[in-house]
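> This is protein15.txt, which holds compact mmCIF, C-alpha atoms and all ligand atoms:
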# COMPACT_ATOMS: atom_id res chain seq x y z
CA MET B 7 59.92 116.32 65.55
CA ALA B 8 60.15 116.22 69.34
CA HIS B 9 61.78 113.24 70.99
CA ASP B 10 62.37 112.57 74.67
CA VAL B 11 66.11 112.54 74.34
CA VAL B 12 68.09 112.65 77.58
CA PRO B 13 71.16 114.82 77.19
CA ALA B 14 74.35 112.91 78.02
CA SER B 15 75.35 115.67 80.44
CA SER B 16 72.46 115.13 82.86
CA LEU B 17 73.38 111.64 83.77
CA VAL B 18 74.01 111.52 87.46
CA ARG B 19 70.60 110.64 88.79
CA PRO B 20 69.42 110.07 92.34
CA GLN B 21 69.12 106.41 93.31
CA PRO B 22 65.52 105.16 93.66
CA ARG B 23 64.40 104.71 97.25
CA ASP B 24 61.29 102.60 96.86
CA ALA B 25 60.00 99.79 94.68
CA THR B 26 57.76 102.14 92.69
CA ALA B 27 60.76 104.19 91.67
CA VAL B 28 62.66 100.99 90.78
CA ARG B 29 59.73 99.84 88.69
CA ALA B 30 59.75 103.15 86.84
CA ILE B 31 63.32 102.32 85.80
CA TYR B 32 62.54 98.67 84.97
CA GLU B 33 59.70 99.77 82.71
CA LEU B 34 61.49 102.54 80.84
CA PRO B 35 61.41 102.27 77.06
CA LEU B 36 64.19 99.79 76.28
CA PRO B 37 66.41 102.30 74.44
CA GLU B 38 66.32 104.62 77.45
CA LEU B 39 66.84 101.81 79.97
CA LEU B 40 69.81 100.42 78.03
CA PHE B 41 71.33 103.85 77.56
CA ARG B 42 71.20 104.57 81.26
CA ALA B 43 72.52 101.13 82.21
CA MET B 44 75.38 101.36 79.69
CA GLU B 45 76.31 104.75 80.93
CA VAL B 46 76.56 103.52 84.54
CA HIS B 47 78.37 100.39 83.37
CA ARG B 48 81.16 102.17 81.55
CA ARG B 49 81.63 104.66 84.33
CA HIS B 50 82.58 101.84 86.72
CA HIS B 51 83.67 98.88 84.59
CA ALA B 52 85.54 98.04 81.39
CA PRO B 53 82.50 97.28 79.20
CA ALA B 54 84.33 94.87 76.89
CA GLU B 55 85.55 92.67 79.76
CA VAL B 56 83.55 89.85 81.27
CA GLN B 57 84.47 87.91 84.38
CA LEU B 58 84.51 84.17 83.65
CA ALA B 59 83.52 82.27 86.79
CA SER B 60 83.65 78.50 86.84
CA LEU B 61 81.25 76.53 89.01
CA LEU B 62 81.62 73.11 90.63
CA SER B 63 79.26 71.20 92.88
CA VAL B 64 81.51 69.74 95.58
CA LYS B 65 78.61 68.09 97.43
CA THR B 66 75.58 67.32 95.29
CA GLY B 67 71.99 66.55 96.27
CA GLY B 68 70.13 65.38 99.35
CA CYS B 69 69.62 68.90 100.72
CA ALA B 70 67.25 69.35 103.67
CA GLU B 71 65.84 72.66 102.41
CA ASP B 72 62.72 72.74 100.22
CA CYS B 73 63.64 75.49 97.72
CA GLY B 74 61.02 75.04 94.99
CA TYR B 75 63.41 75.68 92.11
CA CYS B 76 66.19 73.36 93.23
CA PRO B 77 66.84 69.89 91.84
CA GLN B 78 69.09 69.14 94.82
CA SER B 79 66.38 69.36 97.48
CA ALA B 80 65.58 66.04 99.17
CA HIS B 81 61.94 67.20 99.14
CA HIS B 82 61.70 66.78 95.35
CA GLU B 83 62.08 63.71 93.17
CA THR B 84 64.46 64.69 90.42
CA SER B 85 67.14 62.87 88.48
CA VAL B 86 69.80 64.35 90.77
CA ALA B 87 71.07 61.63 93.14
CA PRO B 88 73.00 62.54 96.28
CA GLU B 89 76.73 62.21 95.72
CA ARG B 90 79.75 61.95 98.00
CA PHE B 91 81.65 65.05 99.07
CA LEU B 92 84.53 65.55 96.63
CA GLU B 93 88.17 65.26 97.69
CA VAL B 94 90.36 68.37 97.78
CA GLU B 95 92.57 67.12 94.96
CA GLU B 96 89.57 66.45 92.66
CA VAL B 97 88.38 69.98 93.21
CA LEU B 98 91.78 71.56 92.68
CA SER B 99 92.27 69.61 89.50
CA ALA B 100 88.93 71.00 88.23
CA ALA B 101 90.04 74.49 89.27
CA ARG B 102 93.33 74.17 87.40
CA SER B 103 91.57 73.05 84.27
CA ALA B 104 89.04 75.92 84.57
CA GLN B 105 91.96 78.32 84.93
CA ARG B 106 93.67 76.91 81.84
CA GLY B 107 90.39 77.42 80.00
CA GLY B 108 90.35 81.12 80.95
CA ALA B 109 88.32 81.30 84.19
CA SER B 110 89.54 83.73 86.85
CA ARG B 111 87.08 82.80 89.61
CA PHE B 112 86.31 79.33 90.91
CA CYS B 113 82.99 78.86 92.75
CA MET B 114 82.23 75.78 94.82
CA GLY B 115 78.71 74.82 95.87
CA ALA B 116 77.53 72.39 98.53
CA ALA B 117 73.90 71.32 98.89
CA TRP B 118 73.85 71.97 102.62
CA ARG B 119 71.23 73.73 104.69
CA GLU B 120 74.04 75.12 106.84
CA VAL B 121 77.72 74.78 107.54
CA LYS B 122 78.57 72.37 110.35
CA ASP B 123 81.93 72.45 112.08
CA GLY B 124 83.99 69.32 111.55
CA PRO B 125 85.91 67.46 108.85
CA ALA B 126 83.68 68.56 105.96
CA PHE B 127 84.14 72.25 106.80
CA GLU B 128 87.88 71.72 107.28
CA ARG B 129 87.98 70.20 103.82
CA VAL B 130 86.18 73.23 102.34
CA LEU B 131 88.80 75.47 103.97
CA GLU B 132 91.52 73.36 102.31
CA MET B 133 89.76 73.77 98.95
CA VAL B 134 89.62 77.53 99.41
CA ARG B 135 93.33 77.72 100.29
CA GLY B 136 94.17 75.56 97.28
CA VAL B 137 92.13 77.67 94.82
CA ARG B 138 93.66 80.89 96.16
CA ALA B 139 97.14 79.39 95.82
CA LEU B 140 96.45 79.01 92.09
CA GLY B 141 95.92 82.78 91.88
CA MET B 142 92.18 82.43 91.25
CA GLU B 143 89.39 84.20 93.10
CA ALA B 144 87.55 81.68 95.32
CA CYS B 145 83.85 81.70 96.11
CA VAL B 146 81.81 79.14 98.06
CA THR B 147 78.12 78.66 98.70
CA LEU B 148 77.40 76.35 101.63
CA GLY B 149 74.06 77.50 103.04
CA MET B 150 73.73 79.31 106.34
CA LEU B 151 76.77 80.07 108.46
CA ASP B 152 77.65 81.98 111.62
CA GLU B 153 80.19 84.73 112.24
CA ARG B 154 82.88 82.39 113.50
CA GLN B 155 82.62 80.16 110.45
CA ALA B 156 82.67 83.21 108.19
CA ALA B 157 85.84 84.40 109.96
CA ARG B 158 87.49 81.02 109.34
CA LEU B 159 86.63 81.24 105.65
CA ALA B 160 88.11 84.74 105.58
CA GLU B 161 91.29 83.44 107.20
CA ALA B 162 91.54 80.75 104.51
CA GLY B 163 91.56 83.56 101.94
CA LEU B 164 88.00 83.26 100.61
CA THR B 165 87.20 86.02 98.10
CA ALA B 166 83.41 85.84 98.21
CA TYR B 167 80.51 83.94 99.74
CA ASN B 168 77.39 83.30 97.64
CA HIS B 169 74.05 83.45 99.39
CA ASN B 170 71.13 84.61 97.27
CA LEU B 171 68.05 86.46 98.44
CA ASP B 172 66.44 84.65 95.50
CA THR B 173 63.28 86.78 95.38
CA SER B 174 61.35 89.46 97.28
CA ARG B 175 60.57 89.13 100.97
CA GLU B 176 56.86 89.03 100.00
CA PHE B 177 57.21 86.15 97.49
CA TYR B 178 59.82 84.20 99.44
CA GLY B 179 57.35 81.99 101.35
CA GLN B 180 55.85 80.74 98.07
CA ILE B 181 59.19 79.24 97.09
CA ILE B 182 60.91 78.18 100.33
CA THR B 183 59.36 77.29 103.67
CA THR B 184 62.25 75.67 105.55
CA ARG B 185 64.06 78.96 106.22
CA SER B 186 63.17 82.63 106.19
CA PHE B 187 64.23 85.71 104.31
CA ASP B 188 65.66 87.04 107.59
CA ASP B 189 67.81 83.88 107.95
CA ARG B 190 69.29 84.80 104.57
CA LEU B 191 69.99 88.36 105.68
CA ARG B 192 71.66 87.12 108.88
CA THR B 193 74.10 84.91 106.98
CA ILE B 194 74.90 87.76 104.60
CA ALA B 195 75.59 90.02 107.60
CA ALA B 196 77.97 87.40 109.07
CA VAL B 197 79.85 87.21 105.76
CA ARG B 198 80.10 90.98 105.56
CA LYS B 199 81.32 91.23 109.15
CA ALA B 200 84.14 88.77 108.43
CA GLY B 201 85.33 91.02 105.60
CA VAL B 202 84.49 88.53 102.85
CA GLU B 203 82.87 89.90 99.69
CA VAL B 204 79.16 89.19 99.38
CA CYS B 205 77.77 87.47 96.28
CA SER B 206 73.99 87.70 96.39
CA GLY B 207 71.28 87.87 93.78
CA GLY B 208 68.22 85.96 92.74
CA ILE B 209 66.14 84.11 90.21
CA ILE B 210 63.53 85.40 87.80
CA GLY B 211 60.85 83.31 86.11
CA MET B 212 59.48 81.63 89.24
CA GLY B 213 56.02 83.17 88.87
CA GLU B 214 56.95 86.37 90.71
CA SER B 215 55.62 89.77 89.66
CA VAL B 216 57.65 92.64 88.28
CA ASP B 217 57.15 94.32 91.66
CA ASP B 218 58.72 91.29 93.36
CA ARG B 219 61.76 91.61 91.10
CA CYS B 220 62.01 95.31 91.84
CA ARG B 221 61.68 94.73 95.58
CA MET B 222 64.40 92.09 95.47
CA LEU B 223 66.75 94.43 93.60
CA LEU B 224 66.01 97.23 96.04
CA GLU B 225 66.69 94.92 98.99
CA LEU B 226 70.04 93.92 97.48
CA ALA B 227 70.99 97.52 96.75
CA ALA B 228 70.06 98.48 100.31
CA LEU B 229 72.48 96.03 101.89
CA GLU B 230 75.02 98.87 102.12
CA PRO B 231 77.37 98.20 100.76
CA ALA B 232 75.57 96.39 97.95
CA PRO B 233 76.91 92.88 97.23
CA GLU B 234 80.15 92.93 95.24
CA SER B 235 78.60 90.27 92.97
CA VAL B 236 74.95 90.01 91.99
CA PRO B 237 74.02 86.79 90.17
CA ILE B 238 70.82 87.08 88.16
CA ASN B 239 69.54 83.60 87.34
CA ALA B 240 66.74 82.74 84.93
CA LEU B 241 64.89 79.74 86.33
CA VAL B 242 66.06 76.43 84.93
CA ALA B 243 62.79 74.49 85.25
CA VAL B 244 63.95 71.03 86.29
CA PRO B 245 61.56 68.04 85.99
CA GLY B 246 60.47 66.84 89.42
CA THR B 247 60.68 70.28 91.08
CA PRO B 248 57.47 72.16 91.96
CA LEU B 249 58.42 74.79 89.35
CA GLU B 250 58.95 72.25 86.54
CA ALA B 251 56.05 73.48 84.40
CA LEU B 252 56.85 77.18 84.39
CA PRO B 253 57.46 78.68 80.95
CA PRO B 254 60.90 80.07 80.13
CA VAL B 255 61.34 83.69 81.05
CA ASP B 256 61.16 86.22 78.21
CA PRO B 257 64.78 87.21 77.46
CA LEU B 258 63.80 90.88 77.46
CA GLU B 259 62.66 90.50 81.08
CA LEU B 260 66.13 89.25 81.87
CA VAL B 261 67.65 92.21 80.03
CA ARG B 262 65.45 94.61 82.02
CA THR B 263 66.31 92.92 85.32
CA ILE B 264 70.03 93.11 84.59
CA ALA B 265 69.87 96.72 83.39
CA THR B 266 67.95 97.72 86.53
CA ALA B 267 70.43 95.86 88.75
CA ARG B 268 73.28 97.65 86.98
CA ILE B 269 71.70 101.06 87.58
CA LEU B 270 70.91 100.31 91.24
CA MET B 271 74.30 98.76 91.99
CA PRO B 272 76.82 100.63 89.83
CA THR B 273 80.03 99.10 91.18
CA SER B 274 78.81 95.50 91.63
CA ARG B 275 79.61 92.73 89.23
CA VAL B 276 76.26 91.71 87.82
CA ARG B 277 76.41 88.08 86.69
CA LEU B 278 74.27 86.66 83.90
CA SER B 279 73.94 83.30 85.66
CA ALA B 280 71.76 80.20 85.24
CA GLY B 281 69.51 79.95 82.21
CA ARG B 282 71.93 80.95 79.45
CA LYS B 283 71.47 77.66 77.64
CA GLY B 284 67.99 78.72 76.63
CA LEU B 285 69.14 82.09 75.29
CA SER B 286 70.29 83.01 71.80
CA ARG B 287 73.75 84.48 71.38
CA GLU B 288 72.11 87.86 70.72
CA SER B 289 69.96 87.75 73.87
CA GLN B 290 73.05 86.95 75.92
CA LEU B 291 74.94 89.82 74.32
CA MET B 292 72.05 92.14 75.03
CA CYS B 293 72.36 91.17 78.71
CA LEU B 294 76.08 91.92 78.57
CA LEU B 295 75.40 95.26 76.89
CA ALA B 296 72.76 95.98 79.54
CA GLY B 297 75.42 95.81 82.22
CA ALA B 298 76.18 92.18 83.04
CA SER B 299 79.92 91.95 83.69
CA SER B 300 80.26 88.28 84.53
CA ILE B 301 79.06 84.85 83.38
CA PHE B 302 79.33 81.29 84.61
CA PHE B 303 81.82 79.66 82.29
CA GLY B 304 82.18 75.93 81.72
CA ASP B 305 79.93 73.17 80.45
CA LYS B 306 78.06 72.66 83.70
CA LEU B 307 76.49 74.81 86.41
CA LEU B 308 75.91 72.74 89.57
CA THR B 309 73.71 69.95 88.23
CA THR B 310 72.35 71.42 84.98
CA GLY B 311 73.99 72.39 81.70
CA ASN B 312 75.62 75.62 80.64
CA PRO B 313 76.74 76.66 77.14
CA ASP B 314 79.99 75.05 75.95
CA ALA B 315 83.10 76.99 76.86
CA ASP B 316 84.09 77.15 73.19
CA ALA B 317 80.75 78.68 72.23
CA ASP B 318 81.15 81.30 74.95
CA LEU B 319 84.65 82.23 73.86
CA ALA B 320 83.41 82.46 70.25
CA MET B 321 80.51 84.68 71.36
CA LEU B 322 82.85 87.03 73.21
CA ARG B 323 85.29 87.10 70.31
CA ALA B 324 82.50 87.92 67.84
CA ALA B 325 81.54 90.86 70.05
CA GLY B 326 85.13 92.06 70.50
CA MET B 327 84.94 91.21 74.20
CA LYS B 328 87.19 89.13 76.42
CA GLY B 329 87.52 87.44 79.81
CA ALA B 330 88.71 89.64 82.70
CA GLN B 331 91.79 88.91 84.83
CA ALA B 332 91.47 87.79 88.47
CA ARG B 333 91.45 90.78 90.86
N1 LIG N 401 72.69 75.50 99.34
C1 LIG N 401 73.23 76.76 99.12
C2 LIG N 401 72.21 77.87 99.18
O1 LIG N 401 71.06 77.66 98.92
O2 LIG N 401 72.61 79.00 99.44
C3 LIG N 401 74.03 76.88 97.85
C4 LIG N 401 73.63 76.26 96.56
S1 LIG N 401 72.20 76.89 95.75
C5 LIG N 401 72.06 75.73 94.43
C6 LIG N 401 72.70 78.45 95.02
C7 LIG N 401 71.69 79.22 94.22
O3 LIG N 401 71.50 78.63 92.96
C8 LIG N 401 70.29 79.36 94.78
O4 LIG N 401 70.20 80.32 95.75
C9 LIG N 401 69.52 79.76 93.53
O5 LIG N 401 69.48 81.17 93.40
C10 LIG N 401 70.32 79.15 92.40
N2 LIG N 401 69.57 78.06 91.76
C11 LIG N 401 69.39 76.81 92.23
N3 LIG N 401 68.62 76.08 91.40
C12 LIG N 401 68.31 76.89 90.36
C13 LIG N 401 67.53 76.72 89.18
N4 LIG N 401 66.91 75.57 88.92
N5 LIG N 401 67.41 77.74 88.32
C14 LIG N 401 68.04 78.92 88.59
N6 LIG N 401 68.78 79.14 89.69
C15 LIG N 401 68.92 78.14 90.56
C1 LIG N 402 73.93 81.34 91.58
O1 LIG N 402 73.30 82.40 91.79
N1 LIG N 402 73.71 80.51 90.59
C2 LIG N 402 74.58 79.36 90.66
C3 LIG N 402 75.49 79.72 91.86
N2 LIG N 402 74.91 80.91 92.36
C4 LIG N 402 75.82 78.74 92.89
C5 LIG N 402 73.84 78.07 90.71
C6 LIG N 402 72.88 77.87 89.59
C7 LIG N 402 72.29 76.50 89.71
C8 LIG N 402 71.41 76.15 88.57
C9 LIG N 402 70.79 74.81 88.73
C10 LIG N 402 71.78 73.69 88.80
O2 LIG N 402 72.70 73.58 87.96
O3 LIG N 402 71.62 72.83 89.69
FE1 LIG N 403 69.56 73.18 99.27
FE2 LIG N 403 70.65 75.39 98.21
FE3 LIG N 403 69.14 73.73 96.72
FE4 LIG N 403 67.97 75.21 98.58
S1 LIG N 403 69.07 75.98 96.76
S2 LIG N 403 67.59 73.04 98.21
S3 LIG N 403 69.53 75.24 100.15
S4 LIG N 403 71.08 73.27 97.62
Would it be possible to restate this file's structure as structure tokens?
Ligand code: SAM
Ligand code: DTB
Ligand code: SF4

Amino acid sequence: MAHDVVPASSLVRPQPRDATAVRAIYELPLPELLFRAMEVHRRHHAPAEVQLASLLSVKTGGCAEDCGYCPQSAHHETSVAPERFLEVEEVLSAARSAQRGGASRFCMGAAWREVKDGPAFERVLEMVRGVRALGMEACVTLGMLDERQAARLAEAGLTAYNHNLDTSREFYGQIITTRSFDDRLRTIAAVRKAGVEVCSGGIIGMGESVDDRCRMLLELAALEPAPESVPINALVAVPGTPLEALPPVDPLELVRTIATARILMPTSRVRLSAGRKGLSRESQLMCLLAGASSIFFGDKLLTTGNPDADADLAMLRAAGMKGAQAR
């Protein structure tokens, strides 16, 4: 009987150049898609190791942007109340406890439209220095910033800056109106210029089409170099946000998105990010097999829940996998 079996020797394939070619990958029969993604994954990464990144909201809520998915936007009425900006010592104590729990990267998020010079930014720089002094990788996400601010973060030792494209250029305006896709690209360019690693990805399940997903992945891959980290979030539909009524994304769509990201961005860390709480252990493992090499680890994301750390460690143990060391 004839099968379309791809010989293992013919595996170096040209990278797709347009969204149609990306879609052809995304829509491959799952066994073929997974095989290709796994092959790329193990060529560039240790497939049994997963980066454990811990996340802390250092300034919650009251954000001026109108991102349709976000419970922290001041434009939406959600149960998230604006909170004070945390003190350096509170943040470092959370980082130490995340490190004891096994995390190697500590990510700090602030619900700001942009970074403003002054005491708050100085405090973020202190946080970054403190996290680095623990021997952890440090990542922050603070909204838009300019080249000078990016250079100051670099000087403080920042490992990576998170700034997601979130979706395709075409779909962007349906989700956010207070800034543009090009604003996002400008901030990413400033981060890159300062020599800080770029962490940029997006969200699926916001009502976008498969073509939108493919265009977003292509745009990320075309950043040259591609982001060192690519978070793939499944929408967490939070009551009070405009996207509250959207149905959960089909886990296989998440698997396909991750596998396609892995193929397009072979050396990047692809992070299975928000939305894991709604996934079975087996769906999560399928995402890890499909090329995800990182997860958010700890009981909370920014304002919403994440699987318990113990459950995650048990999942990895059951699969013979383990947390990766800080780089
Ligand atoms: N204010 C900064 C910014 O927008 O860049 C940083 C914080 S923001 C919460 C970081 C990312 O979290 C967003 O770009 C988005 O991709 C993701 N995110 C926020 N709310 C989410 C949700 N409800 N479900 C999935 N991902 C979400
Ligand atoms: C990313 O891509 N996902 C994280 C991180 N970068 C900052 C945030 C997810 C937030 C999920 C909704 C919440 O907890 O507020
Ligand atoms: Fe503000 Fe970031 Fe939330 Fe958008 S995603 S509303 S910029 S905190």
> Would you work out the distance separating atom C7 of ligand LIG 402 (chain N) from atom CA of B:Thr173, expressed in Å to one decimal?
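About the pair atom C7 of ligand LIG 402 (chain N) and atom CA of B:Thr173: they are 14.8 Å apart.
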> With all atoms listed in the file counted and 10 Å as the cut-off, give the residues of stretch 267-323 of chain B in contact with stretch 247-256 of chain B, each with its shortest interatomic distance in Å and the pair that gives it, as CSV.

residue,atom,partner,partner_atom,distance
B:Gly281,CA,B:Pro254,CA,8.9
B:Gly284,CA,B:Pro254,CA,8.0
B:Leu285,CA,B:Asp256,CA,9.4
B:Ser289,CA,B:Asp256,CA,9.9
> Within 6 Å of ligand LIG 401 (chain N), counting only C-alpha atoms and all ligand atoms, which protein or nucleic acid residues do you find, written as a VMD selection string?
chain B and resid 75 to 76 115 to 119 147 to 149 169 to 170 172 208 to 209 239 to 243 280
> Would you list the contacts of B:Met133 as number ranges by chain, taking every protein, DNA or RNA residue within 12 Å and counting all atoms listed in the file, but skipping same-chain residues closer than 2 positions in sequence?
B: 62, 64, 91-101, 112-115, 126-131, 135-140, 142-146, 159, 162-164
> Write out as a PyMOL selection string each polymer residue whose atoms come within 9 Å of B:Pro272, counting all atoms listed in the file; drop sequence neighbours fewer than 6 positions from it.
chain B and resi 43+46-47+49-51
> I'd like the interatomic distance between atom CA of B:Lys328 and atom CA of B:Gly108, to a tenth of an Å.
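According to the coordinates, atom CA of B:Lys328 and atom CA of B:Gly108 are separated by 9.7 Å.
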> Please determine, counting only C-alpha atoms, which residue among B:Arg323, B:Ser215, B:Phe177, B:Leu295 has the shortest atom-to-atom distance to B:Pro37.
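Looking only at the distances to B:Pro37, the closest residue turns out to be B:Leu295.
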> Report as a PyMOL selection string all protein, DNA and RNA residues lying within 10 Å of B:Pro53, evaluated on only C-alpha atoms, omitting residues in the same chain fewer than 5 positions from it.
chain B and resi 44-45+47-48+294-299+327-328
> Here is a test: counting all atoms listed in the file, which residue of B:Arg185, B:Arg175, B:Arg106, B:Arg42 is nearest to ligand LIG 403 (chain N)?
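Selected residue with least distance to ligand LIG 403 (chain N): B:Arg185.
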> My list of candidates is B:Ile194, B:Ala59, B:Ile181, B:Leu258. Which is closest to B:Tyr167 when distances are computed with all atoms listed in the file?
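Ranked by minimum distance to B:Tyr167, first place goes to B:Ile194.
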> Any chance you could work out the axis-aligned box around ligand LIG 403 (chain N), listed atoms only, 4 Å on each side, giving centre and edge lengths in Å to one decimal, as AutoDock Vina command-line options?

--center_x 69.3 --center_y 74.5 --center_z 98.4 --size_x 11.5 --size_y 10.9 --size_z 11.4
> Quick one, how far is atom CA of B:Ile182 from atom S2 of ligand LIG 403 (chain N)?
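Going from atom CA of B:Ile182 over to atom S2 of ligand LIG 403 (chain N), I get 8.7 Å.
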> Which residues, written as an MDAnalysis selection string, have at least one atom at most 12 Å from B:Asp152, with only C-alpha atoms counted and residues fewer than 6 positions away on the same chain left out?
chainID B and resid 120:123 158:159 189:200
> For a quick check of understanding, using all atoms listed in the file, which of B:Lys65, B:Arg102, B:Arg262, B:Arg154 has the smallest distance to ligand LIG 402 (chain N)?
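Going through B:Lys65, B:Arg102, B:Arg262, B:Arg154 one by one, the smallest distance to ligand LIG 402 (chain N) is for B:Lys65.
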> Measuring between all atoms listed in the file, which one of B:Leu307, B:Met292, B:Val204, B:Ala166 shows the shortest distance to ligand LIG 402 (chain N)?
B:Leu307
> Skipping near chain neighbours, those fewer than 2 positions away, what residues fall within 7 Å of B:Tyr32 using only C-alpha atoms, listed as a PyMOL selection string?
chain B and resi 28-30+34+262-263+266
> Enumerate, as a compact mmCIF listing (two decimals) with C-alpha atoms, in the frame of the given file, the protein, DNA and RNA residues whose atoms approach (70.4, 64.7, 99.1) to within 9 Å, taking into account all atoms listed in the file and the coordinate frame of the file.

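Saved the output as result_23.txt:
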# COMPACT_ATOMS: atom_id res chain seq x y z
CA THR B 66 75.58 67.32 95.29
CA GLY B 67 71.99 66.55 96.27
CA GLY B 68 70.13 65.38 99.35
CA CYS B 69 69.62 68.90 100.72
CA ALA B 70 67.25 69.35 103.67
CA GLN B 78 69.09 69.14 94.82
CA SER B 79 66.38 69.36 97.48
CA ALA B 80 65.58 66.04 99.17
CA HIS B 81 61.94 67.20 99.14
CA VAL B 86 69.80 64.35 90.77
CA ALA B 87 71.07 61.63 93.14
CA PRO B 88 73.00 62.54 96.28
CA GLU B 89 76.73 62.21 95.72
CA ALA B 117 73.90 71.32 98.89
CA TRP B 118 73.85 71.97 102.62
